[in-house]
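Worksheet: one structure, shown below.
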Amino acid sequence: MRVDSTHRHIISEDNPSYKPEAGRYHLYVSYACPWANGCYAIMHMKGLEQFITFSVVHPTWAKTKPDDENDQHKGWQFRAPGDGPVTPPSGFGAIETPASVVPDFINNCNFVRDLYELSNDTGGKYSVPVLWDKKTKTIVNNESQEINRMFNSAFNHLLPEGSEARTLDLYPPHLEGALADTNAWIYHQINNGVYRCGFAKSQEAYNEAVDELFSALDRCEAILSESRYIITKDQLTVTDIRLFMTLVRFDEVYVVYFKTNKRFVSSYHNIRNFMRELYQHPAIGKAIHMDHIKQHYFTSHTLLNSYSVVPAGPGVLQDLALPHDRATKSK
C-alpha cells in the first residue's frame, strides 16, 4: 500500500520559489508504476513534453546501496538503452534492459534514492513520480495527484492560445465535488484496493479488500453502462485516467499476483470498452509499456514471486486496440 508523499511544493506564478517556466523541470517516472504512469500520460496529453524533460527507470528493482551489506533497501534504478540485463532481487533470472528506458541525464544518478538524498530527504520512501527542479537542484513534488494538477493548468500560458492541449481541463471547476467524492472510493477500493489484496497478511484482511474491490468494479460497470466516463457522460477527467491505470494492469498482473481472481476486468463489457477508448488516446497509449509493467511486478517483490518468473499472457493490449462503443454512451 502507498504511504504519504513528503515533497509537496506547488509550481505556480504565485510561488516565489517555483515558477512555471519552460525547460526548468524534469519528471522521473516508471512506466510500471500506475501513479507515475498517469503523470507521464497527462504530461503528454497537455503537450508539456516540449517544456519538461523526463527519465524512465528500469522496471526491475535493485539494491540501492550495492556496496553496503548492511543496507538492504531495493528500489528504482536507472539504466540506458543497450545496457545489459539485470538480475532481480531474487537472484534468479536476467531481465533485459528495455529500449524505452531513459537514463538520468540531469543528475547522472544510478538510483531514484540518490535523488532523494540530493534533496536531503528524511522520509526514507524513495518513490516515483519525482518532479525535479533543475534550477534549485531539488525535488519539487512527489505526490502524483498534485503533479497532475500542476500539469493540468500551471503551464497553460506556454501553450498556443486556443490549442486542444491548452483547453483540455482534467479538473473542471464545476466537477470539483464529484471528483473528490469519486476519487475517494476509487482510490480506496480499486487503486489501492488491489494492493490491499496483494499484500494482505491475513485471510480476513484479504477478504475485506477483495470484496470491496469487486463491489467497486461492479459500481464502475453500472456507471459506465450509462455514461461514457466515470463522472460525466461527455467529459474526460483525471479520475478516468487514474482508474484506467489500475484497470490496464488488472488482467495481466493483479489477477495472478495480487489474487484478485474473482473476475477478469475484460469480462465487464462496459469497463472493457472504456479501457479501449482510453488506451486508444495517443498520449495514454504511448504511456503504456506492458513489458515494464509485468517485469516490475513479477521480478521486484521476492516475497510474492521467489523465482522472478514472468507469466506469458493474456495479451491485454491487443484487445484494447480493438474498436469500442463508448461514443454511444455520451448521448
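Here's how to read the names in the C-alpha cells: chain A, B, ... by the order shown, residue numbers from 1 in each chain, ligand numbers from 1 in the order shown.
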Taking only C-alpha atoms into account, produce a table as JSON lines in which each residue of region 178-209 of chain A with an atom at most 12 Å from an atom of region 30-54 of chain A appears once, together with its shortest atom pair and the distance in Å to one decimal, ordered by chain and rising number.
{"residue": "A:Tyr187", "atom": "CA", "partner": "A:Trp35", "partner_atom": "CA", "distance": 11.0}
{"residue": "A:Ile190", "atom": "CA", "partner": "A:Pro34", "partner_atom": "CA", "distance": 11.9}
{"residue": "A:Asn191", "atom": "CA", "partner": "A:Pro34", "partner_atom": "CA", "distance": 8.6}
{"residue": "A:Asn192", "atom": "CA", "partner": "A:Pro34", "partner_atom": "CA", "distance": 10.5}
{"residue": "A:Val194", "atom": "CA", "partner": "A:Pro34", "partner_atom": "CA", "distance": 11.7}
{"residue": "A:Tyr195", "atom": "CA", "partner": "A:Pro34", "partner_atom": "CA", "distance": 11.7}
Backbone DSSP call of strand (DSSP E or B) for region 6-237 of chain A, listed as a PyMOL selection string: chain A and resi 8+25-29+53-56+58-63+74-77+86+95+102+111+130-133+138-141
Suppose we keep N, CA, C and O atoms; can you now write the selection as a tab-separated table (two decimals), in the first residue's frame?
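Result saved to selection.tsv:
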chain	number	residue	atom	x	y	z
A	8	ARG	N	6.01	18.46	-1.25
A	8	ARG	CA	4.68	18.92	-1.64
A	8	ARG	C	4.66	20.39	-2.10
A	8	ARG	O	3.68	21.08	-1.91
A	25	TYR	N	11.96	22.09	-15.41
A	25	TYR	CA	11.61	20.92	-14.60
A	25	TYR	C	11.86	19.61	-15.35
A	25	TYR	O	11.87	19.55	-16.58
A	26	HIS	N	12.05	18.56	-14.55
A	26	HIS	CA	12.34	17.23	-15.08
A	26	HIS	C	11.49	16.23	-14.32
A	26	HIS	O	11.43	16.26	-13.08
A	27	LEU	N	10.84	15.32	-15.05
A	27	LEU	CA	9.97	14.32	-14.44
A	27	LEU	C	10.65	12.95	-14.47
A	27	LEU	O	11.06	12.47	-15.53
A	28	TYR	N	10.75	12.34	-13.31
A	28	TYR	CA	11.27	10.97	-13.20
A	28	TYR	C	10.09	10.03	-13.00
A	28	TYR	O	9.29	10.21	-12.07
A	29	VAL	N	9.98	9.03	-13.88
A	29	VAL	CA	8.84	8.12	-13.81
A	29	VAL	C	9.27	6.67	-14.00
A	29	VAL	O	10.38	6.39	-14.47
A	53	THR	N	11.47	17.88	-19.43
A	53	THR	CA	12.20	16.68	-19.81
A	53	THR	C	11.84	15.53	-18.86
A	53	THR	O	11.20	15.75	-17.83
A	54	PHE	N	12.24	14.32	-19.21
A	54	PHE	CA	11.87	13.19	-18.35
A	54	PHE	C	12.88	12.04	-18.46
A	54	PHE	O	13.60	11.93	-19.45
A	55	SER	N	12.90	11.23	-17.41
A	55	SER	CA	13.68	10.00	-17.38
A	55	SER	C	12.75	8.85	-17.00
A	55	SER	O	11.77	9.05	-16.27
A	56	VAL	N	13.07	7.65	-17.49
A	56	VAL	CA	12.27	6.46	-17.22
A	56	VAL	C	13.17	5.37	-16.64
A	56	VAL	O	14.17	5.00	-17.26
A	58	HIS	N	14.44	1.63	-15.05
A	58	HIS	CA	14.32	0.21	-15.38
A	58	HIS	C	13.19	-0.38	-14.56
A	58	HIS	O	12.99	0.01	-13.41
A	59	PRO	N	12.43	-1.35	-15.11
A	59	PRO	CA	11.28	-1.87	-14.35
A	59	PRO	C	11.65	-2.73	-13.14
A	59	PRO	O	10.83	-2.86	-12.22
A	60	THR	N	12.82	-3.31	-13.12
A	60	THR	CA	13.19	-4.21	-12.02
A	60	THR	C	13.98	-3.47	-10.95
A	60	THR	O	14.95	-2.77	-11.25
A	61	TRP	N	13.56	-3.63	-9.72
A	61	TRP	CA	14.27	-3.01	-8.61
A	61	TRP	C	15.66	-3.61	-8.43
A	61	TRP	O	15.93	-4.74	-8.84
A	62	ALA	N	16.51	-2.85	-7.75
A	62	ALA	CA	17.85	-3.32	-7.43
A	62	ALA	C	18.26	-2.77	-6.07
A	62	ALA	O	17.64	-1.83	-5.55
A	63	LYS	N	19.27	-3.35	-5.49
A	63	LYS	CA	19.83	-2.88	-4.23
A	63	LYS	C	20.40	-1.48	-4.45
A	63	LYS	O	21.26	-1.28	-5.31
A	74	LYS	N	15.85	-1.95	-1.59
A	74	LYS	CA	15.78	-2.20	-3.03
A	74	LYS	C	14.77	-1.26	-3.64
A	74	LYS	O	13.68	-1.06	-3.10
A	75	GLY	N	15.14	-0.65	-4.76
A	75	GLY	CA	14.26	0.33	-5.38
A	75	GLY	C	14.60	0.58	-6.83
A	75	GLY	O	15.36	-0.17	-7.47
A	76	TRP	N	14.05	1.67	-7.35
A	76	TRP	CA	14.15	2.00	-8.78
A	76	TRP	C	15.59	2.33	-9.17
A	76	TRP	O	16.26	3.10	-8.49
A	77	GLN	N	16.00	1.80	-10.32
A	77	GLN	CA	17.35	2.05	-10.83
A	77	GLN	C	17.29	2.64	-12.23
A	77	GLN	O	16.36	2.38	-13.00
A	86	VAL	N	19.70	-7.21	-16.09
A	86	VAL	CA	19.90	-7.07	-14.65
A	86	VAL	C	19.36	-8.32	-13.96
A	86	VAL	O	18.43	-8.97	-14.43
A	95	ILE	N	16.82	-9.95	-16.48
A	95	ILE	CA	15.80	-9.11	-17.11
A	95	ILE	C	16.48	-8.11	-18.05
A	95	ILE	O	17.29	-7.29	-17.62
A	102	VAL	N	14.96	5.63	-20.11
A	102	VAL	CA	15.64	6.91	-20.36
A	102	VAL	C	16.49	7.20	-19.13
A	102	VAL	O	15.94	7.39	-18.03
A	111	PHE	N	20.27	5.61	-9.02
A	111	PHE	CA	19.03	5.16	-8.38
A	111	PHE	C	18.16	6.36	-8.05
A	111	PHE	O	18.67	7.47	-7.81
A	130	VAL	N	8.76	11.66	-9.48
A	130	VAL	CA	9.51	12.75	-8.87
A	130	VAL	C	9.55	13.90	-9.87
A	130	VAL	O	9.97	13.71	-11.01
A	131	LEU	N	9.10	15.08	-9.44
A	131	LEU	CA	9.22	16.27	-10.26
A	131	LEU	C	10.38	17.08	-9.71
A	131	LEU	O	10.36	17.51	-8.55
A	132	TRP	N	11.40	17.26	-10.52
A	132	TRP	CA	12.68	17.83	-10.11
A	132	TRP	C	12.84	19.24	-10.67
A	132	TRP	O	12.48	19.51	-11.82
A	133	ASP	N	13.40	20.13	-9.86
A	133	ASP	CA	13.70	21.49	-10.30
A	133	ASP	C	15.18	21.59	-10.63
A	133	ASP	O	16.04	21.43	-9.75
A	138	THR	N	16.61	20.30	-6.60
A	138	THR	CA	15.91	19.59	-5.53
A	138	THR	C	14.57	19.07	-6.03
A	138	THR	O	14.10	19.45	-7.11
A	139	ILE	N	13.96	18.19	-5.24
A	139	ILE	CA	12.63	17.67	-5.56
A	139	ILE	C	11.59	18.74	-5.27
A	139	ILE	O	11.55	19.30	-4.17
A	140	VAL	N	10.74	19.01	-6.24
A	140	VAL	CA	9.62	19.92	-6.03
A	140	VAL	C	8.45	19.16	-5.41
A	140	VAL	O	7.88	19.58	-4.41
A	141	ASN	N	8.11	18.03	-6.01
A	141	ASN	CA	6.91	17.31	-5.58
A	141	ASN	C	7.02	15.84	-5.96
A	141	ASN	O	7.58	15.52	-7.02
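Between Asp211 (chain A) and the candidates A:Ser227, A:Gln318, A:Thr246, A:Asn261, the tightest atom-to-atom separation, counting only C-alpha atoms, involves A:Asn261.
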Using only C-alpha atoms, I'd like a table of the residues in region 69-95 of chain A that come within 6 Å of region 297-314 of chain A; for each, show the closest atom pair and its distance in Å rounded to one decimal, ordered by chain and ascending number, as JSON lines.
{"residue": "A:Pro88", "atom": "CA", "partner": "A:Thr299", "partner_atom": "CA", "distance": 5.7}
{"residue": "A:Ser90", "atom": "CA", "partner": "A:Thr302", "partner_atom": "CA", "distance": 5.5}
{"residue": "A:Phe92", "atom": "CA", "partner": "A:Tyr307", "partner_atom": "CA", "distance": 5.6}
Polymer residues at most 9 Å from Lys19 (chain A), only C-alpha atoms, same-chain spacing of 6 or more positions, as JSON, numbers by chain: {"A": [10, 11, 12, 13, 154]}
Just N, CA, C and O atoms for this one: save the residues we selected as a PDB file, in the first residue's frame.
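In the end it all went to result16.pdb:
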ATOM      1  N   ILE A  10       4.236  23.437  -4.723  1.00  0.00           N
ATOM      2  CA  ILE A  10       3.332  23.632  -5.855  1.00  0.00           C
ATOM      3  C   ILE A  10       3.898  24.694  -6.789  1.00  0.00           C
ATOM      4  O   ILE A  10       4.179  25.830  -6.375  1.00  0.00           O
ATOM      5  N   ILE A  11       4.062  24.322  -8.035  1.00  0.00           N
ATOM      6  CA  ILE A  11       4.524  25.263  -9.056  1.00  0.00           C
ATOM      7  C   ILE A  11       3.370  26.187  -9.436  1.00  0.00           C
ATOM      8  O   ILE A  11       2.292  25.733  -9.809  1.00  0.00           O
ATOM      9  N   SER A  12       3.592  27.492  -9.314  1.00  0.00           N
ATOM     10  CA  SER A  12       2.567  28.465  -9.713  1.00  0.00           C
ATOM     11  C   SER A  12       3.216  29.836  -9.851  1.00  0.00           C
ATOM     12  O   SER A  12       4.322  30.074  -9.349  1.00  0.00           O
ATOM     13  N   GLU A  13       2.520  30.727 -10.512  1.00  0.00           N
ATOM     14  CA  GLU A  13       3.012  32.104 -10.653  1.00  0.00           C
ATOM     15  C   GLU A  13       3.096  32.794  -9.303  1.00  0.00           C
ATOM     16  O   GLU A  13       3.878  33.725  -9.117  1.00  0.00           O
ATOM     17  N   ALA A 154      -0.928  24.731 -14.708  1.00  0.00           N
ATOM     18  CA  ALA A 154       0.128  25.686 -14.350  1.00  0.00           C
ATOM     19  C   ALA A 154       0.946  26.147 -15.550  1.00  0.00           C
ATOM     20  O   ALA A 154       1.467  27.270 -15.562  1.00  0.00           O
TER      21      ALA A 154
END
Those of region 51-276 of chain A in DSSP helix (DSSP H, G or I), formatted as an MDAnalysis selection string: chainID A and resid 112:118 144:153 156:158 164:167 173:191 193:198 203:224 238:257 265:267 269:276
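Separating CA of Phe214 (chain A) from CA of Glu226 (chain A) is a distance of 19.0 Å.
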Surrounding residues of region 173-183 of chain A excluding itself and chain neighbours under 4 positions, 10 Å, only C-alpha atoms, as a PyMOL selection string: chain A and resi 169+187-191+230-232+237-240+242-243
9 Å contact set for region 124-127 of chain A, only C-alpha atoms, chain neighbours under 5 positions out, as a PyMOL selection string: chain A and resi 3+5-6+75-76+112-116+142
Output file for the selection above: N, CA and C atoms, as a tab-separated table (two decimals), in the first residue's frame:
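part-v8.tsv written:
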chain	number	residue	atom	x	y	z
A	3	VAL	N	2.31	5.06	0.86
A	3	VAL	CA	2.48	5.94	2.01
A	3	VAL	C	2.40	7.38	1.54
A	5	SER	N	3.23	11.09	0.50
A	5	SER	CA	4.38	11.75	-0.09
A	5	SER	C	4.88	12.85	0.83
A	6	THR	N	6.17	13.19	0.69
A	6	THR	CA	6.77	14.15	1.62
A	6	THR	C	7.20	15.45	0.98
A	75	GLY	N	15.14	-0.65	-4.76
A	75	GLY	CA	14.26	0.33	-5.38
A	75	GLY	C	14.60	0.58	-6.83
A	76	TRP	N	14.05	1.67	-7.35
A	76	TRP	CA	14.15	2.00	-8.78
A	76	TRP	C	15.59	2.33	-9.17
A	112	VAL	N	16.84	6.15	-8.01
A	112	VAL	CA	15.92	7.20	-7.58
A	112	VAL	C	16.26	7.63	-6.15
A	113	ARG	N	16.70	6.69	-5.34
A	113	ARG	CA	17.09	7.02	-3.97
A	113	ARG	C	18.13	8.14	-3.94
A	114	ASP	N	19.03	8.17	-4.91
A	114	ASP	CA	20.06	9.20	-4.96
A	114	ASP	C	19.45	10.60	-5.10
A	115	LEU	N	18.34	10.70	-5.83
A	115	LEU	CA	17.67	11.99	-5.99
A	115	LEU	C	17.18	12.50	-4.64
A	116	TYR	N	16.61	11.59	-3.87
A	116	TYR	CA	16.09	11.96	-2.55
A	116	TYR	C	17.24	12.38	-1.63
A	142	ASN	N	6.54	14.97	-5.08
A	142	ASN	CA	6.49	13.54	-5.42
A	142	ASN	C	5.11	12.94	-5.16
Nearest to Thr97 (chain A), chosen from A:Asp325, A:Asp83, A:Glu164, A:Asp71, with only C-alpha atoms counted in the distances: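 The closest residue to Thr97 (chain A) is A:Asp83.
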Nearest candidate to Phe199 (chain A) (options A:Asn108, A:Thr167, A:Thr260, A:Asn273; using only C-alpha atoms): A:Thr260
Shortest interatomic distance to Pro172 (chain A) - which of A:Asn152, A:Ala200, A:Arg326, A:Gly285, counting only C-alpha atoms: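 Ranked by minimum distance to Pro172 (chain A), first place goes to A:Asn152.
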Residue nearest Tyr257 (chain A) - candidates A:Lys135, A:Arg272, A:Arg219, A:His296, atoms counted: only C-alpha atoms: A:His296
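Here the question is which of A:Gly162, A:Tyr171, A:Ile271, A:Glu204 gets nearest to Glu146 (chain A) using only C-alpha atoms, and that residue is A:Tyr171.
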